[in-house]
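So this block is protein12.txt, compact mmCIF, C-alpha atoms and all ligand atoms:
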# COMPACT_ATOMS: atom_id res chain seq x y z
CA MET A 1 217.82 127.01 38.94
CA SER A 2 216.15 127.73 42.24
CA THR A 3 218.06 129.63 44.89
CA VAL A 4 217.67 129.01 48.59
CA LEU A 5 216.45 132.17 50.29
CA LEU A 6 215.94 131.05 53.87
CA GLN A 7 217.64 128.29 55.75
CA LEU A 8 217.29 127.20 59.35
CA ASN A 9 219.90 124.68 60.45
CA ARG A 10 219.17 122.92 63.73
CA VAL A 11 217.99 126.11 65.43
CA GLN A 12 217.71 125.99 69.23
CA HIS A 13 215.90 128.53 71.34
CA HIS A 14 215.44 128.75 75.11
CA TYR A 15 213.33 130.94 77.34
CA ALA A 16 215.32 130.68 80.60
CA GLU A 17 215.54 126.92 81.27
CA ASP A 18 212.78 125.97 78.86
CA GLN A 19 213.80 124.69 75.47
CA ILE A 20 211.26 126.11 73.01
CA LEU A 21 212.83 125.24 69.64
CA ASP A 22 214.61 121.94 69.26
CA ALA A 23 216.93 121.49 66.27
CA LEU A 24 214.48 123.23 63.94
CA SER A 25 215.57 122.89 60.31
CA LEU A 26 213.98 124.03 57.09
CA SER A 27 214.92 125.39 53.71
CA LEU A 28 212.87 127.65 51.48
CA ASN A 29 213.62 128.60 47.87
CA LYS A 30 213.04 132.08 46.50
CA GLY A 31 209.38 132.47 45.59
CA GLU A 32 208.23 129.55 47.71
CA ILE A 33 205.60 129.72 50.42
CA GLY A 34 206.36 127.68 53.51
CA CYS A 35 204.14 127.03 56.50
CA LEU A 36 204.69 126.03 60.10
CA LEU A 37 201.63 124.06 61.14
CA GLY A 38 201.17 122.86 64.69
CA PRO A 39 199.05 123.10 67.83
CA SER A 40 199.04 126.21 69.99
CA GLY A 41 202.17 126.51 72.12
CA CYS A 42 204.43 124.36 69.93
CA GLY A 43 206.77 127.27 69.18
CA LYS A 44 205.56 128.68 65.86
CA THR A 45 205.59 132.36 66.88
CA THR A 46 208.94 131.88 68.61
CA ALA A 47 210.36 130.48 65.36
CA LEU A 48 209.14 133.59 63.47
CA ARG A 49 210.61 135.89 66.15
CA CYS A 50 213.98 134.14 65.72
CA ILE A 51 213.81 134.57 61.93
CA LEU A 52 212.91 138.26 62.40
CA GLY A 53 215.83 138.76 64.80
CA PHE A 54 213.68 139.65 67.81
CA GLU A 55 214.98 136.61 69.65
CA ALA A 56 218.57 135.36 69.85
CA ILE A 57 219.08 131.66 69.25
CA SER A 58 221.13 129.39 71.49
CA GLY A 59 222.32 126.96 68.83
CA GLY A 60 222.32 126.26 65.12
CA GLU A 61 222.05 129.05 62.55
CA ILE A 62 219.66 131.03 60.39
CA ARG A 63 220.77 132.09 56.91
CA ILE A 64 219.07 134.54 54.55
CA ASN A 65 220.47 134.64 51.00
CA ASN A 66 223.28 132.45 52.26
CA GLN A 67 224.36 135.04 54.86
CA CYS A 68 224.31 133.97 58.49
CA VAL A 69 221.95 136.33 60.37
CA SER A 70 221.62 134.32 63.61
CA SER A 71 223.86 131.90 65.44
CA ALA A 72 224.64 131.18 69.09
CA THR A 73 227.12 134.07 68.98
CA THR A 74 225.67 136.61 66.51
CA THR A 75 222.27 138.21 65.91
CA THR A 76 221.84 140.62 63.00
CA PRO A 77 219.30 143.26 64.17
CA PRO A 78 215.76 143.06 62.71
CA GLU A 79 216.04 146.30 60.68
CA LYS A 80 218.99 144.85 58.74
CA ARG A 81 217.14 141.67 57.72
CA GLN A 82 214.60 143.12 55.26
CA ILE A 83 211.71 141.04 56.50
CA GLY A 84 208.04 142.06 56.30
CA MET A 85 205.55 140.90 58.89
CA VAL A 86 201.77 140.41 59.00
CA PHE A 87 200.10 139.72 62.36
CA GLN A 88 196.86 138.06 63.41
CA ASP A 89 195.40 141.33 64.72
CA TYR A 90 196.41 143.37 61.60
CA ALA A 91 198.29 145.90 63.82
CA LEU A 92 197.43 148.83 61.54
CA PHE A 93 197.98 152.40 62.74
CA PRO A 94 194.44 153.45 63.70
CA HIS A 95 195.05 157.19 63.22
CA LEU A 96 196.49 156.75 59.71
CA ASP A 97 194.43 156.17 56.57
CA VAL A 98 195.07 153.31 54.15
CA VAL A 99 197.54 155.32 52.05
CA ALA A 100 199.56 156.38 55.09
CA ASN A 101 199.55 152.86 56.50
CA ILE A 102 200.87 151.40 53.26
CA GLY A 103 203.42 154.21 52.92
CA PHE A 104 204.67 153.82 56.47
CA GLY A 105 207.88 151.95 55.66
CA LEU A 106 208.71 153.98 52.56
CA HIS A 107 210.35 157.09 54.05
CA ARG A 108 213.58 156.46 52.21
CA LEU A 109 211.90 156.79 48.81
CA SER A 110 211.37 160.10 46.99
CA ARG A 111 207.88 161.56 47.11
CA THR A 112 207.00 160.38 43.61
CA GLU A 113 208.46 156.92 44.05
CA ARG A 114 206.59 156.60 47.29
CA GLN A 115 203.33 157.58 45.63
CA HIS A 116 203.87 155.10 42.81
CA ARG A 117 204.67 152.32 45.21
CA ILE A 118 201.53 153.01 47.26
CA GLU A 119 199.36 153.11 44.12
CA LYS A 120 200.85 149.84 42.91
CA TRP A 121 200.03 148.09 46.18
CA LEU A 122 196.55 149.60 46.43
CA ARG A 123 195.88 148.02 43.04
CA ILE A 124 197.42 144.67 43.90
CA VAL A 125 195.33 144.25 47.06
CA HIS A 126 192.20 145.69 45.38
CA LEU A 127 191.80 148.66 47.70
CA ASP A 128 191.96 151.51 45.15
CA ASN A 129 188.55 152.63 46.33
CA ALA A 130 189.46 152.65 50.02
CA ALA A 131 192.64 154.77 49.83
CA GLY A 132 191.38 157.51 52.16
CA LYS A 133 189.61 155.28 54.66
CA TYR A 134 190.72 154.61 58.21
CA PRO A 135 191.19 151.09 59.63
CA HIS A 136 187.95 151.20 61.66
CA GLU A 137 186.01 151.89 58.44
CA LEU A 138 187.27 148.65 56.84
CA SER A 139 186.20 145.03 57.19
CA GLY A 140 188.58 142.51 58.75
CA GLY A 141 189.51 141.14 55.34
CA GLN A 142 190.24 144.63 53.99
CA GLN A 143 192.33 145.46 57.04
CA GLN A 144 194.39 142.34 56.53
CA ARG A 145 194.94 143.30 52.88
CA VAL A 146 196.21 146.72 54.02
CA ALA A 147 198.54 144.96 56.46
CA LEU A 148 199.81 142.78 53.61
CA ALA A 149 200.39 145.80 51.35
CA ARG A 150 202.16 147.66 54.16
CA ALA A 151 204.45 144.69 54.79
CA LEU A 152 205.27 144.17 51.11
CA ALA A 153 205.54 147.78 49.86
CA PRO A 154 209.17 148.15 51.06
CA GLN A 155 210.01 145.05 48.94
CA PRO A 156 211.35 142.81 51.71
CA GLU A 157 213.37 139.66 50.97
CA LEU A 158 210.97 137.59 53.02
CA LEU A 159 207.42 137.89 54.35
CA LEU A 160 206.29 136.31 57.61
CA LEU A 161 202.60 135.87 58.44
CA ASP A 162 201.58 134.85 61.96
CA GLU A 163 198.06 133.32 62.03
CA PRO A 164 196.88 136.05 59.61
CA PHE A 165 193.34 134.70 59.15
CA SER A 166 192.45 133.70 62.70
CA ASN A 167 190.36 136.81 63.35
CA LEU A 168 188.26 136.38 60.20
CA ASP A 169 184.99 134.55 59.54
CA VAL A 170 185.47 131.02 58.29
CA ASN A 171 184.09 131.61 54.78
CA LEU A 172 186.13 134.78 54.36
CA ARG A 173 189.24 132.94 55.51
CA GLU A 174 189.28 130.57 52.58
CA ASN A 175 188.72 133.29 49.98
CA LEU A 176 191.32 135.59 51.45
CA SER A 177 193.89 132.82 51.82
CA LEU A 178 193.53 131.91 48.14
CA GLU A 179 193.69 135.59 47.17
CA ILE A 180 196.83 136.12 49.23
CA ARG A 181 198.46 133.05 47.73
CA GLU A 182 197.80 134.46 44.27
CA ILE A 183 199.29 137.84 45.20
CA LEU A 184 202.42 136.25 46.71
CA LYS A 185 202.88 134.00 43.66
CA ASN A 186 202.34 136.82 41.15
CA GLN A 187 204.88 139.00 42.94
CA ASN A 188 207.34 136.11 43.45
CA ILE A 189 207.40 136.70 47.21
CA THR A 190 209.09 134.23 49.54
CA ALA A 191 206.96 133.77 52.63
CA ILE A 192 206.43 131.75 55.78
CA LEU A 193 202.95 131.40 57.19
CA VAL A 194 202.27 130.18 60.70
CA THR A 195 198.95 128.54 61.53
CA HIS A 196 197.29 125.84 63.62
CA ASP A 197 194.69 125.37 60.86
CA GLN A 198 195.40 122.59 58.40
CA SER A 199 193.04 123.81 55.67
CA GLU A 200 194.74 127.22 55.72
CA ALA A 201 198.14 125.59 55.42
CA PHE A 202 196.94 123.42 52.53
CA ALA A 203 195.34 126.38 50.73
CA ILE A 204 198.43 128.57 50.78
CA ALA A 205 201.68 126.71 51.21
CA ASP A 206 204.02 124.90 48.84
CA LYS A 207 205.83 123.24 51.74
CA ILE A 208 204.51 122.59 55.21
CA GLY A 209 206.34 121.74 58.41
CA VAL A 210 204.26 119.88 60.97
CA MET A 211 205.50 121.01 64.36
CA PHE A 212 205.15 119.55 67.84
CA ASN A 213 207.07 120.68 70.93
CA GLY A 214 209.49 122.93 69.09
CA LYS A 215 210.42 120.34 66.49
CA ILE A 216 209.42 119.91 62.85
CA GLU A 217 208.43 116.28 62.45
CA GLN A 218 207.92 116.44 58.69
CA TRP A 219 208.71 119.18 56.16
CA ASP A 220 206.83 118.23 53.02
CA THR A 221 204.10 118.96 50.48
CA ALA A 222 200.45 118.81 51.56
CA TYR A 223 199.95 115.68 49.46
CA ASN A 224 202.80 113.82 51.12
CA LEU A 225 201.79 114.92 54.61
CA TYR A 226 198.33 113.53 53.96
CA HIS A 227 199.24 110.33 52.15
CA GLN A 228 202.77 109.63 53.38
CA PRO A 229 202.99 110.92 56.96
CA VAL A 230 206.23 109.87 58.66
CA ASN A 231 204.56 108.87 61.93
CA ARG A 232 201.26 108.41 63.73
CA ARG A 233 201.36 111.87 65.27
CA VAL A 234 201.58 113.58 61.88
CA ALA A 235 198.95 111.20 60.47
CA ASP A 236 196.52 112.06 63.28
CA PHE A 237 197.12 115.81 63.06
CA ILE A 238 196.63 115.93 59.28
CA GLY A 239 193.14 114.98 58.19
CA GLN A 240 190.98 112.00 58.99
CA GLY A 241 191.74 108.35 58.65
CA ALA A 242 191.59 104.92 60.21
CA ILE A 243 194.29 102.50 61.24
CA LEU A 244 193.90 98.87 60.23
CA PRO A 245 196.06 95.92 61.29
CA GLY A 246 198.19 94.54 58.47
CA LYS A 247 200.68 91.75 57.86
CA VAL A 248 203.88 92.09 55.85
CA ILE A 249 203.81 89.45 53.11
CA SER A 250 206.84 90.56 51.07
CA THR A 251 209.31 93.46 50.96
CA GLN A 252 206.78 95.48 48.94
CA GLN A 253 203.42 94.14 50.10
CA ILE A 254 201.16 94.32 53.10
CA GLU A 255 197.96 92.36 53.45
CA ILE A 256 194.95 93.86 55.19
CA GLU A 257 191.39 92.63 55.57
CA LEU A 258 190.40 94.39 52.34
CA GLY A 259 193.18 93.04 50.16
CA VAL A 260 196.84 93.56 49.37
CA LEU A 261 198.58 96.94 49.31
CA ASN A 262 201.68 97.44 47.19
CA GLY A 263 204.40 99.94 47.90
CA LYS A 264 207.55 100.65 49.78
CA ILE A 265 207.41 99.73 53.47
CA PRO A 266 209.02 102.72 55.19
CA PHE A 267 210.94 100.75 57.84
CA ASP A 268 212.68 97.44 58.32
CA CYS A 269 210.39 94.55 59.10
CA PRO A 270 210.58 90.84 58.33
CA THR A 271 207.92 89.03 56.34
CA GLY A 272 205.13 87.92 58.64
CA SER A 273 205.41 90.85 61.06
CA LYS A 274 202.39 92.89 62.04
CA VAL A 275 202.07 96.59 61.14
CA ASP A 276 199.52 99.39 61.43
CA VAL A 277 198.22 100.63 58.09
CA LEU A 278 196.81 104.12 57.56
CA MET A 279 193.68 104.30 55.39
CA ARG A 280 192.38 107.71 54.36
CA PRO A 281 188.69 108.18 53.46
CA ASP A 282 189.59 108.45 49.77
CA ASP A 283 191.54 105.16 49.88
CA ILE A 284 188.25 103.26 50.16
CA ILE A 285 185.67 103.91 47.49
CA HIS A 286 182.04 102.95 47.54
CA GLU A 287 180.81 100.81 44.65
CA ASP A 288 177.27 99.43 44.74
CA THR A 289 178.26 96.29 42.82
CA SER A 290 181.39 95.42 44.81
CA PRO A 291 181.21 91.99 46.52
CA GLN A 292 183.20 93.37 49.45
CA GLN A 293 180.74 94.83 51.96
CA ALA A 294 180.77 96.92 55.11
CA ALA A 295 178.03 98.18 57.41
CA ILE A 296 177.36 101.88 57.87
CA LEU A 297 177.94 102.99 61.47
CA HIS A 298 177.71 106.77 60.95
CA LYS A 299 177.30 109.16 58.09
CA ALA A 300 178.26 112.82 57.82
CA PHE A 301 176.69 114.79 54.99
CA ARG A 302 179.16 117.28 53.55
CA GLY A 303 177.27 118.64 50.56
CA ALA A 304 178.98 117.15 47.54
CA GLU A 305 180.13 114.13 49.53
CA ILE A 306 179.13 111.89 52.37
CA LEU A 307 181.74 110.64 54.82
CA TYR A 308 180.73 107.15 55.90
CA THR A 309 182.15 105.40 58.95
CA LEU A 310 181.98 101.72 58.12
CA GLN A 311 182.48 98.53 60.08
CA LEU A 312 184.26 95.59 58.46
CA GLU A 313 183.46 91.95 59.20
CA SER A 314 186.34 91.81 61.70
CA GLY A 315 184.78 94.73 63.58
CA ASP A 316 187.52 97.17 62.51
CA LYS A 317 186.33 100.59 61.38
CA ILE A 318 187.20 102.50 58.25
CA LEU A 319 186.16 105.78 56.65
CA SER A 320 184.94 106.16 53.10
CA LEU A 321 184.11 109.25 51.10
CA ALA A 322 181.30 108.80 48.57
CA PRO A 323 179.50 111.18 46.17
CA SER A 324 176.46 112.37 48.07
CA HIS A 325 173.89 110.95 45.64
CA HIS A 326 175.00 107.56 47.02
CA ASN A 327 172.80 108.24 50.00
CA HIS A 328 172.53 105.08 52.13
CA GLU A 329 171.10 104.59 55.60
CA VAL A 330 172.92 103.85 58.84
CA GLY A 331 172.87 100.06 59.40
CA GLU A 332 172.79 99.28 55.67
CA LYS A 333 175.61 97.21 54.13
CA ILE A 334 177.25 98.82 51.13
CA GLY A 335 179.83 97.65 48.60
CA ILE A 336 183.38 99.00 48.99
CA LYS A 337 186.62 98.73 47.10
CA LEU A 338 190.21 99.33 48.08
CA ALA A 339 191.60 102.18 45.96
CA ALA A 340 194.79 103.08 47.81
CA GLU A 341 197.54 104.13 45.44
CA HIS A 342 200.22 104.14 48.09
CA LEU A 343 201.00 102.36 51.25
CA THR A 344 201.46 104.03 54.61
CA ALA A 345 202.37 101.78 57.49
CA PHE A 346 203.70 102.30 60.99
CA LYS A 347 205.25 99.96 63.51
CA PRO A 348 202.47 98.92 65.89
CA ASP A 349 202.00 101.48 68.71
CA SER A 350 204.72 103.76 67.32
P1 LIG A 401 202.75 129.06 69.21
O1 LIG A 401 202.98 130.30 68.40
O2 LIG A 401 203.02 127.81 68.45
O3 LIG A 401 201.40 129.02 69.84
P2 LIG A 401 204.78 130.18 70.96
O4 LIG A 401 206.01 130.26 70.14
O5 LIG A 401 204.03 131.43 71.18
O6 LIG A 401 203.83 129.03 70.41
O7 LIG A 401 205.17 129.60 72.40
C1 LIG A 401 205.92 128.43 72.56
C2 LIG A 401 206.23 128.21 74.02
O8 LIG A 401 207.06 129.24 74.50
C3 LIG A 401 204.99 128.22 74.90
O9 LIG A 401 205.13 127.20 75.86
C4 LIG A 401 205.02 129.58 75.54
O10 LIG A 401 204.42 129.53 76.81
C5 LIG A 401 206.50 129.86 75.64
N1 LIG A 401 206.79 131.30 75.57
C6 LIG A 401 206.43 132.14 74.59
N2 LIG A 401 206.88 133.40 74.80
C7 LIG A 401 207.55 133.34 75.98
C8 LIG A 401 208.28 134.31 76.77
N3 LIG A 401 208.40 135.59 76.37
N4 LIG A 401 208.84 133.90 77.93
C9 LIG A 401 208.75 132.61 78.33
N5 LIG A 401 208.09 131.64 77.63
C10 LIG A 401 207.51 132.00 76.48
MG MG A 402 201.65 131.87 67.95
Could the structure of this file be written out as structure tokens, please?
Ligand code: ADP
Ligand code: MG
Amino acid sequence: MSTVLLQLNRVQHHYAEDQILDALSLSLNKGEIGCLLGPSGCGKTTALRCILGFEAISGGEIRINNQCVSSATTTTPPEKRQIGMVFQDYALFPHLDVVANIGFGLHRLSRTERQHRIEKWLRIVHLDNAAGKYPHELSGGQQQRVALARALAPQPELLLLDEPFSNLDVNLRENLSLEIREILKNQNITAILVTHDQSEAFAIADKIGVMFNGKIEQWDTAYNLYHQPVNRRVADFIGQGAILPGKVISTQQIEIELGVLNGKIPFDCPTGSKVDVLMRPDDIIHEDTSPQQAAILHKAFRGAEILYTLQLESGDKILSLAPSHHNHEVGEKIGIKLAAEHLTAFKPDS
């Protein structure tokens, strides 16, 4: 059975008059990786500071291992929470070598235990060969691995990572995020990552909370955020897509220009009413022989795939992802087929 490690129940936070966090709720099981994903300024760092105990909250509660650590009336100090932290700028001690940085939080251990712990983490983050180096002698990726080892060596209950890859080159980012996910999973670490970058969130997290203005609008898996967003704002923030007009034709069916979609309509609406339907690029496949046709307005070559922007007969636009050997020209009409396996609809202008 899975145990809940971290719980936020309707957490409120204010800076003076400004409400920064608004009824923020989430629940994370032991060993799970959660992510707060949202634009800059939406309150992600503030949420982490509340979890750490650096900020008092003005309402709701935060529980770790089912113990209340923050409420409107109590705040357990940070040092009693057993939380490790990794920052965007690594925040390593520049005058300490890798070994001393990793050993920094281990003063309570005996000399031998301390040495063992440091060796273990040097191995885990693949820095055995850099033990005696100083931060300025390491690459950004290596520095962030030292920061991770330093945060995890004291065996915290929970790890928080605030935009940990933002200072790294794009191609390094993806590799390091996958590597860090593997380390966290192997060590059964419970963690919360904060980022404004969707691909980072998707690469690392089991559960993602999409945040706007201090509120989590949807706490869900990457798949559901992409294919079953709860509203237009989440749909627009997560990935690409097009909105097509649709008509409700039964309790489980919506008709659009390309055909009929089956699935649960996520809100109350009578047969005959108009709705907006979300179509992702992978919901429309390209098939040379399909009688249904659309004209190519734009194409974006992405290596293995081409993202086509297509215009339907009605004039409405859709996106379609095709294998890149299906290389057609702008202006050409190509065959398409509806391949949506689920139905995502919103009330018009919601
Ligand atoms: P994010 O990490 O998502 O970019 P932050 O949590 O840093 O967002 O900030 C959320 C909001 O809180 C912003 O509007 C920011 O200006 C405000 N804020 C952050 N820190 C303080 C502070 N110490 N005093 C007053 N306002 C703050
Ligand atoms: Mg921040």
Residues within 9 Å of ligand MG 402 (chain A) should be enumerated using all atoms listed in the file and returned as an mmCIF file with C-alpha atoms, keeping the file's coordinate frame.
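Written file, result28.cif:
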data_model
loop_
_atom_site.group_PDB
_atom_site.id
_atom_site.type_symbol
_atom_site.label_atom_id
_atom_site.label_comp_id
_atom_site.auth_asym_id
_atom_site.auth_seq_id
_atom_site.Cartn_x
_atom_site.Cartn_y
_atom_site.Cartn_z
ATOM 1 C CA SER A 40 199.040 126.210 69.990
ATOM 2 C CA GLY A 41 202.170 126.510 72.120
ATOM 3 C CA CYS A 42 204.430 124.360 69.930
ATOM 4 C CA GLY A 43 206.770 127.270 69.180
ATOM 5 C CA LYS A 44 205.560 128.680 65.860
ATOM 6 C CA THR A 45 205.590 132.360 66.880
ATOM 7 C CA THR A 46 208.940 131.880 68.610
ATOM 8 C CA LEU A 48 209.140 133.590 63.470
ATOM 9 C CA ASP A 162 201.580 134.850 61.960
ATOM 10 C CA GLU A 163 198.060 133.320 62.030
ATOM 11 C CA VAL A 194 202.270 130.180 60.700
ATOM 12 C CA THR A 195 198.950 128.540 61.530
ATOM 13 C CA HIS A 196 197.290 125.840 63.620
#
| request: Using only C-alpha atoms and all ligand atoms, pick whichever of A:Val170, A:Ala191, A:Leu37, A:Ala72 has the shortest atom-to-atom distance to ligand LIG 401 (chain A). | output: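 Ranking A:Val170, A:Ala191, A:Leu37, A:Ala72 by distance to ligand LIG 401 (chain A), first place goes to A:Leu37.
For stretch 17-29 of chain A, the non-local neighbours within 8 Å, defined as residues at least 3 positions apart in the same chain or in other chains and counting all atoms listed in the file, are Ser2, Thr3, Val4, Leu5, Leu6, Gln7, Leu8, Asn9, Arg10, Val11, Gln12, His13, His14, Glu32, Ile33, Gly34, Cys42, Gly43, Thr46, Ala47, Gly60, Thr190, Asn213, Gly214, Lys215, Ile216 and Trp219 of chain A.
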Around stretch 142-147 of chain A, with edges along x, y and z and 5 Å added on all six sides, what centre and edge lengths do you get, in Å to one decimal, as lines of an AutoDock Vina configuration file?
center_x = 194.4
center_y = 144.5
center_z = 55.0
size_x = 18.3
size_y = 14.4
size_z = 14.2
| message | I'd like the neighbourhood of A:Asp283 as a PyMOL selection string, where a residue qualifies if any of its atoms comes within 9 Å (using only C-alpha atoms), though same-chain residues fewer than 6 positions away should be ignored. | response | chain A and resi 319-321+337-342
